[in-house]
Amino acid sequence: MGIFIPAGRFFIGFFTERIHIQHEKSSRTWRRACKKAPQGKETTGETAYDAGQIKKRAPAATGTVEVITLYSGFHAVTAHRLTHALHEHGFVLSARAISQGMKFLTGIEIHPGAVIGKGLFIDHGSGVVIGETAVIGDDCTIYQGVTLGGTGKHTGKRHPTIGNNVMVGAGAKVLGPIKVGDNAKIAAGAIVLSEIPSNSTAVGIPARVVRLRGERVVQDLDQLNIPDPVAKEISELRARVEALEEKTKEKDEKNADIQ
C-alpha cells in the first residue's frame with residue numbers, strides 16, 4: 001500500500017497542474033479575444049445603424065424602440081456579432097451554443113462563421129438559414145424562408161456571397177459558392193444556382209435574369225410559350241406507338257391474305 005499513496009499523489013498533482021495550465025491558456029485567449037473584439041462606440045454605432053436601417057425599411061415599424069425590443073431579425077443579427085467574434089477567436093463551441101439558442105428564440109439560424117455587413121434587415125425571419133461560409137454585404141434585406149446554403153458537392157467556400165443593397169425575396173434559395181452582385185433583386189420562391197450580375201432582377205426555378213440595369217432582358221421564350229418537356233415526350237411516344245400499331249395491322253392483313 002505504501003507505494004500507491006506516493007503514486008496517487010503524483011498523478012493528482014500532475015493532472016491538477018495540467019488543468020491549471022489549460023485554464024491559464026483559455027484565460028489568455030479570452031483576454032486577447034476581448035481586446036480584439038469591437039468595443040464601445042464601434043459596437044454601439046453598428047447596432048444603432050442596424051436598428052436605424054430596419055426602422056427605415058420596415059413599413060410596420062413605429063420607432064427604434066420597437067425595433068430593438070420586438071424585431072427578431074434585429075435580435076438574431078445582434079447576437080451574430082457576438083458569436084462571430086467568438087468563432088473567429090477559437091471559441092467555436094460557445095459560439096455555436098449561442099447561435100443555436102438564438103435559432104430557438106427567433107427561428108433564424110446564422111452560422112457563427114458567416115460574415116455579415118452592417119444594416120442587414122431580416123424581415124419576419126422565420127425559417128431563414130445562413131451558412132458558415134456565406135458573406136453578406138451592407139444594407140441587404142432578407143425575407144422569411146430564405147436559405148443561403150450549399151449544394152452538398154463543394155468544400156471550403158461552399159455558400160453564396162451577397163453584394164451590397166441586395167434584396168432576397170421570401171422563400172428564395174441561393175445555393176453554392178456563387179456571387180450575387182450589388183443592388184440585385186431575387187424574387188420570392190426563386191432558386192438561384194448561378195451568378196447574378198449587379199443591378200439585375202432574377203426570377204424563377206432555376207432563377208434567370210429578367211431585368212438588367214432597369215431594362216427588360218430579351219428572352220427567346222416568354223412565360224406563356226414555354227415548351228412542356230413532359231408533353232413533348234408523351235407526344236413522341238404516342239407517335240411511335242401509332243407507327244408500331246400501323247406495322248402490326250399491316251402484318252395481320254398479310255397473314256389473313258395468306259390464310
# chains A, B, ... in the order shown; residues from 1 in each chain; ligands from 1
$ select_by_dssp --residues "range 30-256 of chain A" --states "strand (DSSP E)" --output "PyMOL selection string"
chain A and resi 109-110+115-116+121-122+129-130+135-136+141-142+147-149+161-162+167-168+173-175+179-180+185-186+191-192+200-203+208-212+215-216
$ select_by_dssp --residues "range 46-225 of chain A" --states "helix (DSSP H, G or I)" --output "PyMOL selection string"
chain A and resi 46-57+64-70+72-88+92-106
$ residues_around --residues "range 112-128 of chain A" --least-positions-apart "3" --cutoff "8 Å" --atoms "only C-alpha atoms" --output "PyMOL selection string"
chain A and resi 46+49-51+53-54+57-58+71-74+77+80+83-84+87-88+95-96+99+106-109+131-147
$ residues_around --residues "Leu175 in chain A" --least-positions-apart "4" --cutoff "12 Å" --atoms "only C-alpha atoms" --output "ChimeraX atom specification"
/A:129-131,133-134,146-154,157-162,179-180,190-196,206-207
$ write_last_selection --atoms "N, CA, C and O atoms" --output "short mmCIF file (atom, residue, chain, number, x, y, z; two decimals), in the first residue's frame"
data_model
loop_
_atom_site.label_atom_id
_atom_site.label_comp_id
_atom_site.auth_asym_id
_atom_site.auth_seq_id
_atom_site.Cartn_x
_atom_site.Cartn_y
_atom_site.Cartn_z
N VAL A 129 -32.01 30.63 -43.08
CA VAL A 129 -30.79 29.87 -42.78
C VAL A 129 -29.63 30.52 -43.55
O VAL A 129 -29.72 30.70 -44.76
N ILE A 130 -28.57 30.85 -42.83
CA ILE A 130 -27.37 31.46 -43.43
C ILE A 130 -26.19 30.57 -43.07
O ILE A 130 -25.86 30.39 -41.90
N GLY A 131 -25.53 30.02 -44.10
CA GLY A 131 -24.49 29.03 -43.90
C GLY A 131 -23.16 29.59 -43.43
O GLY A 131 -22.92 30.80 -43.43
N THR A 133 -19.99 29.68 -44.60
CA THR A 133 -19.07 30.47 -45.43
C THR A 133 -19.80 31.54 -46.24
O THR A 133 -19.23 32.10 -47.18
N ALA A 134 -21.05 31.82 -45.88
CA ALA A 134 -21.80 32.88 -46.56
C ALA A 134 -21.22 34.25 -46.21
O ALA A 134 -20.73 34.47 -45.10
N VAL A 146 -35.77 32.31 -46.42
CA VAL A 146 -34.62 32.36 -47.33
C VAL A 146 -33.52 31.43 -46.83
O VAL A 146 -33.26 31.34 -45.63
N THR A 147 -32.86 30.75 -47.78
CA THR A 147 -31.71 29.92 -47.47
C THR A 147 -30.51 30.40 -48.27
O THR A 147 -30.58 30.49 -49.50
N LEU A 148 -29.43 30.70 -47.58
CA LEU A 148 -28.14 30.95 -48.23
C LEU A 148 -27.29 29.73 -47.89
O LEU A 148 -26.61 29.69 -46.86
N GLY A 149 -27.40 28.71 -48.72
CA GLY A 149 -26.84 27.41 -48.37
C GLY A 149 -25.89 26.85 -49.41
O GLY A 149 -25.53 27.51 -50.38
N GLY A 150 -25.51 25.60 -49.18
CA GLY A 150 -24.63 24.89 -50.10
C GLY A 150 -25.38 23.87 -50.92
O GLY A 150 -26.56 23.59 -50.67
N THR A 151 -24.69 23.32 -51.90
CA THR A 151 -25.29 22.29 -52.76
C THR A 151 -24.94 20.89 -52.28
O THR A 151 -25.51 19.92 -52.78
N GLY A 152 -23.99 20.79 -51.36
CA GLY A 152 -23.57 19.48 -50.87
C GLY A 152 -22.40 18.88 -51.63
O GLY A 152 -21.89 17.83 -51.23
N LYS A 153 -21.97 19.52 -52.70
CA LYS A 153 -20.87 18.96 -53.51
C LYS A 153 -19.61 19.82 -53.47
O LYS A 153 -18.64 19.53 -54.16
N HIS A 154 -19.61 20.90 -52.68
CA HIS A 154 -18.45 21.77 -52.59
C HIS A 154 -17.81 21.65 -51.21
O HIS A 154 -18.46 21.29 -50.24
N LYS A 157 -15.09 27.09 -49.41
CA LYS A 157 -16.11 28.11 -49.65
C LYS A 157 -17.27 27.44 -50.39
O LYS A 157 -17.17 27.11 -51.57
N ARG A 158 -18.39 27.25 -49.70
CA ARG A 158 -19.50 26.49 -50.28
C ARG A 158 -20.84 27.21 -50.20
O ARG A 158 -21.87 26.65 -50.58
N HIS A 159 -20.83 28.44 -49.70
CA HIS A 159 -22.06 29.22 -49.59
C HIS A 159 -21.93 30.51 -50.39
O HIS A 159 -20.82 30.93 -50.72
N PRO A 160 -23.04 31.15 -50.70
CA PRO A 160 -23.01 32.33 -51.59
C PRO A 160 -22.39 33.57 -50.97
O PRO A 160 -22.31 33.72 -49.75
N THR A 161 -21.98 34.47 -51.87
CA THR A 161 -21.52 35.80 -51.49
C THR A 161 -22.52 36.81 -52.02
O THR A 161 -22.76 36.87 -53.24
N ILE A 162 -23.13 37.57 -51.13
CA ILE A 162 -24.17 38.53 -51.48
C ILE A 162 -23.58 39.94 -51.43
O ILE A 162 -22.94 40.31 -50.44
N LYS A 179 -21.90 34.25 -56.66
CA LYS A 179 -21.94 35.66 -56.28
C LYS A 179 -23.23 36.31 -56.78
O LYS A 179 -23.65 36.07 -57.90
N VAL A 180 -23.80 37.13 -55.93
CA VAL A 180 -24.95 37.96 -56.30
C VAL A 180 -24.46 39.40 -56.22
O VAL A 180 -24.03 39.86 -55.16
N ALA A 190 -37.61 32.00 -55.82
CA ALA A 190 -36.59 31.69 -56.83
C ALA A 190 -35.53 30.75 -56.24
O ALA A 190 -35.26 30.76 -55.04
N ILE A 191 -34.95 29.93 -57.11
CA ILE A 191 -33.83 29.08 -56.72
C ILE A 191 -32.64 29.48 -57.57
O ILE A 191 -32.62 29.25 -58.78
N VAL A 192 -31.65 30.10 -56.93
CA VAL A 192 -30.51 30.65 -57.64
C VAL A 192 -29.34 29.67 -57.57
O VAL A 192 -28.86 29.34 -56.48
N LEU A 193 -28.89 29.22 -58.74
CA LEU A 193 -27.81 28.24 -58.83
C LEU A 193 -26.62 28.78 -59.61
O LEU A 193 -25.60 28.09 -59.73
N SER A 194 -26.73 29.98 -60.17
CA SER A 194 -25.64 30.57 -60.92
C SER A 194 -25.54 32.05 -60.56
O SER A 194 -26.44 32.61 -59.92
N GLU A 195 -24.45 32.68 -60.95
CA GLU A 195 -24.19 34.05 -60.54
C GLU A 195 -25.21 35.04 -61.11
O GLU A 195 -25.67 34.88 -62.24
N ILE A 196 -25.54 36.03 -60.30
CA ILE A 196 -26.48 37.08 -60.68
C ILE A 196 -25.72 38.40 -60.76
O ILE A 196 -25.08 38.80 -59.79
N PRO A 206 -34.91 27.13 -62.41
CA PRO A 206 -33.87 27.90 -61.72
C PRO A 206 -33.96 29.37 -62.10
O PRO A 206 -34.54 29.73 -63.13
N ALA A 207 -33.40 30.23 -61.28
CA ALA A 207 -33.55 31.67 -61.48
C ALA A 207 -32.86 32.12 -62.77
O ALA A 207 -31.79 31.64 -63.12
#
$ residues_around --residues "Gly181 in chain A" --least-positions-apart "5" --cutoff "8 Å" --atoms "only C-alpha atoms" --output "PDB file with C-alpha atoms, in the first residue's frame"
ATOM      1  CA  ILE A 162     -24.175  38.532 -51.481  1.00  0.00           C
ATOM      2  CA  GLY A 163     -23.253  42.075 -52.535  1.00  0.00           C
ATOM      3  CA  ASN A 164     -24.395  45.388 -51.090  1.00  0.00           C
ATOM      4  CA  VAL A 166     -29.375  43.176 -52.280  1.00  0.00           C
ATOM      5  CA  ILE A 196     -26.484  37.079 -60.677  1.00  0.00           C
ATOM      6  CA  PRO A 197     -24.984  40.329 -62.050  1.00  0.00           C
ATOM      7  CA  SER A 198     -25.235  43.687 -60.307  1.00  0.00           C
ATOM      8  CA  ASN A 199     -28.342  45.858 -60.807  1.00  0.00           C
TER       9      ASN A 199
END
$ atom_distance --atom1 "CA of Gly52 in chain A" --atom2 "CA of Ile110 in chain A"
21.1 Å
$ closest_residue --among "A:Val67, A:Asn183, A:His111, A:Asn165" --to "Ala85 in chain A" --atoms "only C-alpha atoms"
A:His111
$ atom_distance --atom1 "CA of Glu233 in chain A" --atom2 "CA of Lys173 in chain A"
29.3 Å
$ atom_distance --atom1 "CA of Thr64 in chain A" --atom2 "CA of Ala184 in chain A"
27.0 Å
